[in-house]
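Peer 1: What follows is the file run_15.txt, containing compact mmCIF, C-alpha atoms:
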```txt
# COMPACT_ATOMS: atom_id res chain seq x y z
CA MET H 1 0.00 0.00 0.00
CA SER H 2 2.49 2.58 -1.13
CA GLU H 3 -0.30 4.95 -2.16
CA PHE H 4 -1.10 5.79 1.46
CA SER H 5 2.28 7.43 1.83
CA PHE H 6 1.53 10.27 -0.55
CA PHE H 7 -2.23 10.42 0.05
CA PRO H 8 -1.95 12.99 2.90
CA LEU H 9 0.43 15.09 0.82
CA VAL H 10 -2.06 15.23 -2.06
CA PHE H 11 -4.87 16.02 0.35
CA TYR H 12 -3.03 18.91 1.99
CA LEU H 13 -2.01 20.26 -1.41
CA LEU H 14 -5.59 20.22 -2.70
CA ALA H 15 -6.92 21.62 0.56
CA ALA H 16 -4.38 24.45 0.41
CA VAL H 17 -5.35 25.24 -3.19
CA THR H 18 -9.03 25.26 -2.25
CA VAL H 19 -8.68 27.37 0.89
CA VAL H 20 -6.19 29.89 -0.51
CA SER H 21 -8.30 30.41 -3.62
CA ALA H 22 -11.41 30.81 -1.49
CA ALA H 23 -9.57 33.44 0.53
CA GLY H 24 -8.71 35.12 -2.76
CA VAL H 25 -12.39 35.18 -3.68
CA ALA H 26 -13.36 36.62 -0.32
CA PHE H 27 -10.62 39.22 0.14
CA SER H 28 -9.65 40.33 -3.35
CA ARG H 29 -10.65 43.89 -4.10
CA ASN H 30 -10.94 43.36 -7.83
CA VAL H 31 -13.94 41.30 -8.80
CA VAL H 32 -12.12 39.92 -11.85
CA TYR H 33 -9.43 38.46 -9.60
CA SER H 34 -12.22 37.04 -7.46
CA ALA H 35 -13.65 35.29 -10.48
CA PHE H 36 -10.32 33.74 -11.38
CA SER H 37 -9.70 32.70 -7.77
CA LEU H 38 -13.10 31.02 -7.81
CA MET H 39 -11.74 28.79 -10.56
CA GLY H 40 -8.96 27.63 -8.21
CA THR H 41 -11.49 26.84 -5.50
CA LEU H 42 -13.70 24.87 -7.87
CA MET H 43 -10.79 22.89 -9.29
CA GLY H 44 -9.46 22.18 -5.80
CA ALA H 45 -12.89 20.97 -4.72
CA ALA H 46 -13.01 18.73 -7.81
CA GLY H 47 -9.66 17.27 -6.77
CA LEU H 48 -10.99 16.64 -3.28
CA PHE H 49 -13.98 14.86 -4.84
CA LEU H 50 -11.55 12.64 -6.73
CA LEU H 51 -9.73 11.85 -3.49
CA LEU H 52 -13.08 10.93 -1.99
CA ALA H 53 -13.67 8.41 -4.81
CA ALA H 54 -16.45 10.48 -6.42
CA ASP H 55 -15.20 10.58 -9.99
CA PHE H 56 -18.54 11.39 -11.63
CA VAL H 57 -19.22 14.35 -9.35
CA ALA H 58 -15.69 15.65 -9.92
CA VAL H 59 -16.19 15.61 -13.70
CA VAL H 60 -19.61 17.24 -13.35
CA GLN H 61 -18.06 19.90 -11.13
CA VAL H 62 -15.42 20.74 -13.73
CA LEU H 63 -17.90 20.70 -16.63
CA ILE H 64 -20.73 22.67 -15.07
CA TYR H 65 -18.99 24.95 -12.58
CA VAL H 66 -15.74 25.77 -14.35
CA GLY H 67 -17.07 25.39 -17.87
CA GLY H 68 -20.47 26.96 -17.33
CA ILE H 69 -21.07 29.01 -14.22
CA LEU H 70 -17.61 30.57 -14.07
CA VAL H 71 -17.68 31.61 -17.73
CA LEU H 72 -21.16 33.05 -17.15
CA MET H 73 -19.85 35.05 -14.18
CA LEU H 74 -16.90 36.34 -16.17
CA PHE H 75 -19.29 37.45 -18.89
CA ALA H 76 -21.44 39.22 -16.31
CA VAL H 77 -18.38 40.93 -14.84
CA MET H 78 -17.22 42.10 -18.23
CA LEU H 79 -20.70 43.30 -19.16
CA THR H 80 -21.33 45.31 -16.02
CA VAL H 81 -18.26 46.44 -14.11
CA ARG H 82 -15.93 49.12 -15.34
CA ILE H 83 -12.80 47.00 -15.32
CA ALA H 84 -10.35 49.89 -15.07
CA ASP H 85 -12.16 51.17 -12.01
CA VAL H 86 -11.19 48.36 -9.66
CA ARG H 87 -11.53 50.30 -6.44
CA ILE H 88 -15.14 51.13 -7.00
CA SER H 89 -16.09 47.74 -8.30
CA ASN H 90 -15.52 45.87 -5.09
CA ARG H 91 -15.65 48.10 -2.05
CA SER H 92 -16.25 46.28 1.20
CA LEU H 93 -18.47 47.42 3.99
CA GLY H 94 -18.97 46.33 7.55
CA ARG H 95 -15.88 44.21 7.98
CA LEU H 96 -15.99 44.13 11.75
CA PRO H 97 -19.57 42.82 12.10
CA ALA H 98 -18.86 40.26 9.40
CA ALA H 99 -15.69 39.15 11.18
CA VAL H 100 -17.63 38.75 14.43
CA VAL H 101 -20.34 36.73 12.69
CA ILE H 102 -17.90 34.35 11.03
CA ALA H 103 -15.83 34.01 14.21
CA VAL H 104 -18.89 32.96 16.20
CA THR H 105 -20.15 30.65 13.45
CA GLY H 106 -16.71 29.15 12.98
CA ALA H 107 -16.24 28.56 16.70
CA VAL H 108 -19.60 26.80 17.02
CA MET H 109 -19.14 24.67 13.91
CA GLY H 110 -15.49 23.89 14.64
CA ARG H 111 -16.39 22.73 18.11
CA ALA H 112 -19.12 20.55 16.63
CA ILE H 113 -16.66 19.02 14.16
CA VAL H 114 -14.00 18.32 16.76
CA GLY H 115 -16.31 17.27 19.57
CA THR H 116 -18.53 14.83 17.69
CA THR H 117 -17.63 11.18 17.32
CA TRP H 118 -18.69 10.65 13.72
CA HIS H 119 -20.29 7.44 12.63
CA GLN H 120 -17.79 5.92 10.24
CA THR H 121 -18.02 2.81 8.14
CA PRO H 122 -14.98 0.98 6.79
CA LEU H 123 -13.84 2.40 3.48
CA ASN H 124 -14.76 0.57 0.30
CA ALA H 125 -12.28 0.27 -2.48
CA PRO H 126 -12.78 3.12 -4.98
CA VAL H 127 -14.97 1.95 -7.85
CA PRO H 128 -16.43 3.88 -10.79
CA THR H 129 -19.57 5.59 -9.54
CA THR H 130 -21.31 6.48 -12.78
CA TYR H 131 -23.36 3.30 -12.95
CA GLY H 132 -24.52 3.61 -9.35
CA ILE H 133 -25.44 7.28 -9.68
CA GLY H 134 -27.38 6.71 -12.89
CA ASP H 135 -29.17 3.80 -11.29
CA ALA H 136 -30.07 5.95 -8.27
CA PHE H 137 -31.30 8.76 -10.52
CA LEU H 138 -33.73 6.54 -12.36
CA SER H 139 -34.93 4.43 -9.45
CA ARG H 140 -34.95 6.00 -5.99
CA PHE H 141 -34.50 9.63 -7.05
CA VAL H 142 -36.64 9.64 -10.18
CA LEU H 143 -39.10 12.27 -8.89
CA PRO H 144 -36.37 14.79 -7.87
CA PHE H 145 -34.65 14.04 -11.16
CA GLU H 146 -37.73 14.99 -13.18
CA LEU H 147 -38.34 18.02 -10.96
CA ALA H 148 -34.75 19.06 -11.63
CA SER H 149 -35.41 19.03 -15.35
CA MET H 150 -38.47 21.23 -14.77
CA VAL H 151 -36.38 23.63 -12.68
CA LEU H 152 -33.78 23.86 -15.40
CA LEU H 153 -36.46 24.50 -18.03
CA ALA H 154 -38.01 27.22 -15.85
CA ALA H 155 -34.58 28.79 -15.31
CA LEU H 156 -33.93 28.75 -19.05
CA ILE H 157 -37.23 30.43 -19.88
CA GLY H 158 -36.85 32.85 -16.97
CA ALA H 159 -33.38 33.91 -18.05
CA VAL H 160 -34.58 34.52 -21.59
CA ALA H 161 -37.59 36.49 -20.35
CA LEU H 162 -35.46 38.56 -17.95
CA SER H 163 -32.70 39.48 -20.34
CA ARG H 164 -34.60 40.11 -23.55
CA LYS H 165 -35.17 43.65 -24.67
CA GLU H 166 -38.69 44.93 -24.33
CA LEU H 167 -40.14 46.03 -27.64
CA LYS H 168 -42.25 48.95 -26.53
CA GLY H 169 -44.30 51.18 -28.76
CA ASN H 170 -43.54 49.06 -31.74
CA GLY H 171 -47.10 49.12 -33.07
CA SER H 172 -48.69 45.84 -33.99
CA MET J 1 -4.18 9.41 8.35
CA ILE J 2 -6.63 11.69 6.64
CA GLY J 3 -10.14 11.19 7.95
CA LEU J 4 -13.59 12.71 7.85
CA PRO J 5 -12.80 15.70 10.17
CA HIS J 6 -10.06 16.91 7.82
CA TYR J 7 -12.56 17.31 5.01
CA LEU J 8 -15.08 18.89 7.36
CA VAL J 9 -12.51 21.47 8.44
CA VAL J 10 -11.69 22.35 4.82
CA SER J 11 -15.40 22.66 4.11
CA LEU J 12 -15.88 24.83 7.21
CA ILE J 13 -13.13 27.23 6.15
CA VAL J 14 -14.57 27.54 2.63
CA PHE J 15 -18.02 28.11 4.13
CA LEU J 16 -16.77 30.86 6.44
CA LEU J 17 -14.95 32.60 3.60
CA GLY J 18 -18.11 32.42 1.51
CA LEU J 19 -20.13 33.84 4.38
CA TYR J 20 -17.63 36.69 4.78
CA CYS J 21 -17.85 37.33 1.04
CA VAL J 22 -21.65 37.50 1.15
CA LEU J 23 -21.67 39.75 4.20
CA THR J 24 -19.09 42.30 3.08
CA ARG J 25 -19.52 42.64 -0.67
CA ARG J 26 -21.61 45.38 -2.16
CA ASN J 27 -21.07 44.10 -5.67
CA ALA J 28 -23.95 41.79 -6.63
CA ILE J 29 -21.70 39.47 -8.63
CA GLY J 30 -19.34 39.22 -5.65
CA ILE J 31 -22.27 38.15 -3.50
CA LEU J 32 -23.16 35.48 -6.04
CA MET J 33 -19.56 34.23 -5.88
CA GLY J 34 -19.87 33.95 -2.10
CA VAL J 35 -23.02 31.90 -2.55
CA GLU J 36 -21.13 29.60 -4.91
CA LEU J 37 -18.42 29.15 -2.26
CA ILE J 38 -21.05 28.19 0.33
CA LEU J 39 -22.66 25.68 -2.04
CA ASN J 40 -19.24 24.17 -2.75
CA SER J 41 -18.51 23.72 0.93
CA ALA J 42 -21.84 21.94 1.31
CA ASN J 43 -20.87 19.70 -1.60
CA ILE J 44 -17.55 18.79 0.01
CA ASN J 45 -19.49 17.82 3.14
CA TYR J 46 -21.93 15.69 1.15
CA ILE J 47 -19.19 13.79 -0.66
CA ALA J 48 -17.10 13.35 2.49
CA PHE J 49 -20.04 11.90 4.40
CA ALA J 50 -20.93 9.70 1.43
CA ARG J 51 -17.38 8.33 1.46
CA TYR J 52 -16.78 7.95 5.17
CA SER J 53 -20.17 7.51 6.80
CA SER J 54 -22.65 5.91 4.44
CA GLY J 55 -20.65 4.28 1.69
CA GLY J 56 -23.59 4.61 -0.68
CA TYR J 57 -24.43 6.90 -3.58
CA ASP J 58 -26.99 9.14 -1.88
CA GLY J 59 -24.53 11.86 -0.95
CA GLN J 60 -23.13 12.00 -4.46
CA VAL J 61 -26.62 12.18 -5.96
CA PHE J 62 -27.40 15.12 -3.66
CA ALA J 63 -24.16 16.80 -4.67
CA VAL J 64 -25.21 16.55 -8.32
CA PHE J 65 -28.57 18.12 -7.42
CA VAL J 66 -26.77 20.93 -5.60
CA ILE J 67 -24.61 21.60 -8.66
CA MET J 68 -27.72 21.66 -10.83
CA LEU J 69 -29.49 24.12 -8.54
CA ALA J 70 -26.34 26.27 -8.43
CA ALA J 71 -26.38 26.43 -12.21
CA ALA J 72 -30.03 27.51 -12.25
CA GLU J 73 -29.38 30.03 -9.48
CA ALA J 74 -26.39 31.52 -11.27
CA THR J 75 -28.34 31.83 -14.51
CA ILE J 76 -31.29 33.62 -12.95
CA GLY J 77 -29.12 35.67 -10.61
CA LEU J 78 -26.91 36.96 -13.38
CA ALA J 79 -29.91 37.70 -15.59
CA ILE J 80 -31.38 39.76 -12.75
CA VAL J 81 -28.02 41.49 -12.22
CA LEU J 82 -27.86 42.43 -15.88
CA GLY J 83 -31.43 43.72 -15.69
CA ILE J 84 -30.53 45.81 -12.64
CA TYR J 85 -27.49 47.14 -14.44
CA GLN J 86 -29.57 48.20 -17.39
CA THR J 87 -32.02 49.99 -15.11
CA PHE J 88 -29.74 51.58 -12.50
CA GLN J 89 -26.37 51.65 -14.35
CA THR J 90 -24.76 50.05 -11.28
CA ILE J 91 -24.72 46.69 -9.53
CA ASP J 92 -24.07 48.09 -6.07
CA VAL J 93 -26.72 46.39 -3.96
CA GLU J 94 -27.17 49.46 -1.76
CA ALA J 95 -28.05 51.66 -4.69
CA THR J 96 -31.01 49.48 -5.62
CA GLU J 97 -33.28 49.95 -2.64
CA THR J 98 -36.30 51.21 -4.48
CA LEU J 99 -39.13 49.02 -5.66
CA ARG J 100 -40.42 51.45 -8.27
CA GLY J 101 -40.29 50.17 -11.81
```
Give the structure from this file in structure tokens form.
Peer 2:
Amino acid sequence: MSEFSFFPLVFYLLAAVTVVSAAGVAFSRNVVYSAFSLMGTLMGAAGLFLLLAADFVAVVQVLIYVGGILVLMLFAVMLTVRIADVRISNRSLGRLPAAVVIAVTGAVMGRAIVGTTWHQTPLNAPVPTTYGIGDAFLSRFVLPFELASMVLLAALIGAVALSRKELKGNGS
Amino acid sequence: MIGLPHYLVVSLIVFLLGLYCVLTRRNAIGILMGVELILNSANINYIAFARYSSGGYDGQVFAVFVIMLAAAEATIGLAIVLGIYQTFQTIDVEATETLRG
């Protein structure tokens, strides 16, 4: 089992990438840098998913988040913010109350993480998960699956309706 | 040995950074990025529990649903942001307090 020797190293590397990029998202003053840091967080999370033997979710994360949502956000940034005006685009407000809130939340949650004895089962060997997830989608989770398709359709129509130009006074 | 609490701590840190982002940003797109961070931390939790506590596929299925809802949320959110920008010429959330059309 030579793989267990470098497993912690890979974990700490991916965790560092995820956390540092998330800090970049939270603290960067330029929203464009935030968007690019978000890519590091998403890729690091995908790597963590791979370490947790969730290959399908990792690929979905890369395809949908990095390929879809992030590109959408970059488009929105480019379409709205004056890029040269970085100071105005990302001014922060109320740092002290926010710091207090996250300190309290972090203390409570951290204590819960450390103080709980988690129910753990012995680890299975990593197997491809695509078959199992597809099976679950079409058997146990078939109703949420169909509802998800309805939600996506509604989001599609809603986005089109929100962003289309109104044709007023056009005479019909 | 890396165990479940390690992943939970990573997820907690990402969640707190996302919360800070949501609380301090005045830029609407920055707030949406904070929401994405929070959803990602929830996903890390789901996958970690699926690996270490249940051993089944339920956690991964939920993670896929979360990703799907995040995509829908980002689409609608950014469409609304663009609509606000066209109306107010800014995406500062404090400048858009009025409900008049």
Peer 1: With distances taken over only C-alpha atoms, which of J:Thr90, J:Ser41, J:Ser53, J:Ser11 is nearest to chain H?
Peer 2: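 The shortest atom-to-atom distance to chain H comes from J:Ser53.
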Peer 1: Using all atoms listed in the file, which residues of chain J come within 8 Å of chain H, and what is the closest atom pair for each, with the distance in Å to one decimal? Give it as JSON lines, sorted by chain and residue number.
Peer 2:
```
{"residue": "J:Met1", "atom": "CA", "partner": "H:Pro8", "partner_atom": "CA", "distance": 6.9}
{"residue": "J:Ile2", "atom": "CA", "partner": "H:Pro8", "partner_atom": "CA", "distance": 6.1}
{"residue": "J:Pro5", "atom": "CA", "partner": "H:Ile113", "partner_atom": "CA", "distance": 6.5}
{"residue": "J:Leu8", "atom": "CA", "partner": "H:Ile113", "partner_atom": "CA", "distance": 7.0}
{"residue": "J:Val9", "atom": "CA", "partner": "H:Gly110", "partner_atom": "CA", "distance": 7.3}
{"residue": "J:Val10", "atom": "CA", "partner": "H:Ala15", "partner_atom": "CA", "distance": 6.4}
{"residue": "J:Leu12", "atom": "CA", "partner": "H:Gly106", "partner_atom": "CA", "distance": 7.3}
{"residue": "J:Ile13", "atom": "CA", "partner": "H:Val19", "partner_atom": "CA", "distance": 6.9}
{"residue": "J:Val14", "atom": "CA", "partner": "H:Ala22", "partner_atom": "CA", "distance": 6.1}
{"residue": "J:Leu16", "atom": "CA", "partner": "H:Ile102", "partner_atom": "CA", "distance": 5.9}
{"residue": "J:Leu17", "atom": "CA", "partner": "H:Ala26", "partner_atom": "CA", "distance": 5.8}
{"residue": "J:Gly18", "atom": "CA", "partner": "H:Ala26", "partner_atom": "CA", "distance": 6.6}
{"residue": "J:Leu19", "atom": "CA", "partner": "H:Ile102", "partner_atom": "CA", "distance": 7.0}
{"residue": "J:Tyr20", "atom": "CA", "partner": "H:Ala98", "partner_atom": "CA", "distance": 6.0}
{"residue": "J:Cys21", "atom": "CA", "partner": "H:Ala26", "partner_atom": "CA", "distance": 4.7}
{"residue": "J:Leu23", "atom": "CA", "partner": "H:Ala98", "partner_atom": "CA", "distance": 5.9}
{"residue": "J:Thr24", "atom": "CA", "partner": "H:Leu93", "partner_atom": "CA", "distance": 5.2}
{"residue": "J:Arg25", "atom": "CA", "partner": "H:Ser92", "partner_atom": "CA", "distance": 5.2}
{"residue": "J:Arg26", "atom": "CA", "partner": "H:Ser92", "partner_atom": "CA", "distance": 6.4}
{"residue": "J:Asn27", "atom": "CA", "partner": "H:Asn90", "partner_atom": "CA", "distance": 5.9}
{"residue": "J:Ile29", "atom": "CA", "partner": "H:Val77", "partner_atom": "CA", "distance": 7.2}
{"residue": "J:Gly30", "atom": "CA", "partner": "H:Val31", "partner_atom": "CA", "distance": 6.6}
{"residue": "J:Met33", "atom": "CA", "partner": "H:Leu38", "partner_atom": "CA", "distance": 7.5}
{"residue": "J:Gly34", "atom": "CA", "partner": "H:Ala26", "partner_atom": "CA", "distance": 7.3}
{"residue": "J:Leu37", "atom": "CA", "partner": "H:Ala22", "partner_atom": "CA", "distance": 7.2}
{"residue": "J:Asn40", "atom": "CA", "partner": "H:Ala45", "partner_atom": "CA", "distance": 7.4}
{"residue": "J:Ile44", "atom": "CA", "partner": "H:Ala45", "partner_atom": "CA", "distance": 7.0}
{"residue": "J:Ile47", "atom": "CA", "partner": "H:Phe49", "partner_atom": "CA", "distance": 6.8}
{"residue": "J:Ala48", "atom": "CA", "partner": "H:Leu52", "partner_atom": "CA", "distance": 6.5}
{"residue": "J:Arg51", "atom": "CA", "partner": "H:Leu52", "partner_atom": "CA", "distance": 6.1}
{"residue": "J:Tyr52", "atom": "CA", "partner": "H:Gln120", "partner_atom": "CA", "distance": 5.6}
{"residue": "J:Ser53", "atom": "CA", "partner": "H:Gln120", "partner_atom": "CA", "distance": 4.5}
{"residue": "J:Ser54", "atom": "CA", "partner": "H:Thr121", "partner_atom": "CA", "distance": 6.7}
{"residue": "J:Gly55", "atom": "CA", "partner": "H:Asn124", "partner_atom": "CA", "distance": 7.1}
{"residue": "J:Tyr57", "atom": "CA", "partner": "H:Ile133", "partner_atom": "CA", "distance": 6.2}
{"residue": "J:Asp58", "atom": "CA", "partner": "H:Ala136", "partner_atom": "CA", "distance": 7.8}
{"residue": "J:Gln60", "atom": "CA", "partner": "H:Val57", "partner_atom": "CA", "distance": 6.7}
{"residue": "J:Val61", "atom": "CA", "partner": "H:Ile133", "partner_atom": "CA", "distance": 6.3}
{"residue": "J:Ala63", "atom": "CA", "partner": "H:Val57", "partner_atom": "CA", "distance": 7.2}
{"residue": "J:Val64", "atom": "CA", "partner": "H:Val57", "partner_atom": "CA", "distance": 6.5}
{"residue": "J:Phe65", "atom": "CA", "partner": "H:Ala148", "partner_atom": "CA", "distance": 7.5}
{"residue": "J:Ile67", "atom": "CA", "partner": "H:Gln61", "partner_atom": "CA", "distance": 7.2}
{"residue": "J:Met68", "atom": "CA", "partner": "H:Ala148", "partner_atom": "CA", "distance": 7.5}
{"residue": "J:Leu69", "atom": "CA", "partner": "H:Ala148", "partner_atom": "CA", "distance": 7.9}
{"residue": "J:Ala71", "atom": "CA", "partner": "H:Ile69", "partner_atom": "CA", "distance": 6.2}
{"residue": "J:Ala72", "atom": "CA", "partner": "H:Ala155", "partner_atom": "CA", "distance": 5.6}
{"residue": "J:Glu73", "atom": "CA", "partner": "H:Ala155", "partner_atom": "CA", "distance": 7.9}
{"residue": "J:Ala74", "atom": "CA", "partner": "H:Ile69", "partner_atom": "CA", "distance": 6.6}
{"residue": "J:Thr75", "atom": "CA", "partner": "H:Ala159", "partner_atom": "CA", "distance": 6.5}
{"residue": "J:Ile76", "atom": "CA", "partner": "H:Ala159", "partner_atom": "CA", "distance": 5.5}
{"residue": "J:Leu78", "atom": "CA", "partner": "H:Ala76", "partner_atom": "CA", "distance": 6.6}
{"residue": "J:Ala79", "atom": "CA", "partner": "H:Ala159", "partner_atom": "CA", "distance": 5.7}
{"residue": "J:Ile80", "atom": "CA", "partner": "H:Leu162", "partner_atom": "CA", "distance": 6.7}
{"residue": "J:Leu82", "atom": "CA", "partner": "H:Thr80", "partner_atom": "CA", "distance": 7.1}
{"residue": "J:Gly83", "atom": "CA", "partner": "H:Ser163", "partner_atom": "CA", "distance": 6.4}
{"residue": "J:Tyr85", "atom": "CA", "partner": "H:Thr80", "partner_atom": "CA", "distance": 6.6}
{"residue": "J:Thr90", "atom": "CA", "partner": "H:Thr80", "partner_atom": "CA", "distance": 7.5}
{"residue": "J:Ile91", "atom": "CA", "partner": "H:Thr80", "partner_atom": "CA", "distance": 7.5}
```
Peer 1: What's the separation between atom CA of Val62 of chain H and atom CA of Ile31 of chain J, in Å to one decimal place?
Peer 2: 21.3 Å
Peer 1: Work out how far atom CA of His6 of chain J is from atom CA of Ala50 of chain J, in Å to one decimal.
Peer 2: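 It comes out at 14.5 Å.
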Peer 1: Quick one: pull the distance between atom CA of Glu36 of chain J and atom CA of Phe49 of chain J, Å, one decimal.
Peer 2: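 We find that atom CA of Glu36 of chain J and atom CA of Phe49 of chain J lie 20.0 Å from each other.
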Peer 1: Write out as JSON an axis-aligned box for segment 65-76 of chain H: all of its atoms listed in the file, 4 Å added on each side, centre and edge lengths in Å with one decimal.
Peer 2:
```
{"center_x": -18.6, "center_y": 32.1, "center_z": -15.7, "size_x": 13.7, "size_y": 22.3, "size_z": 14.3}
```
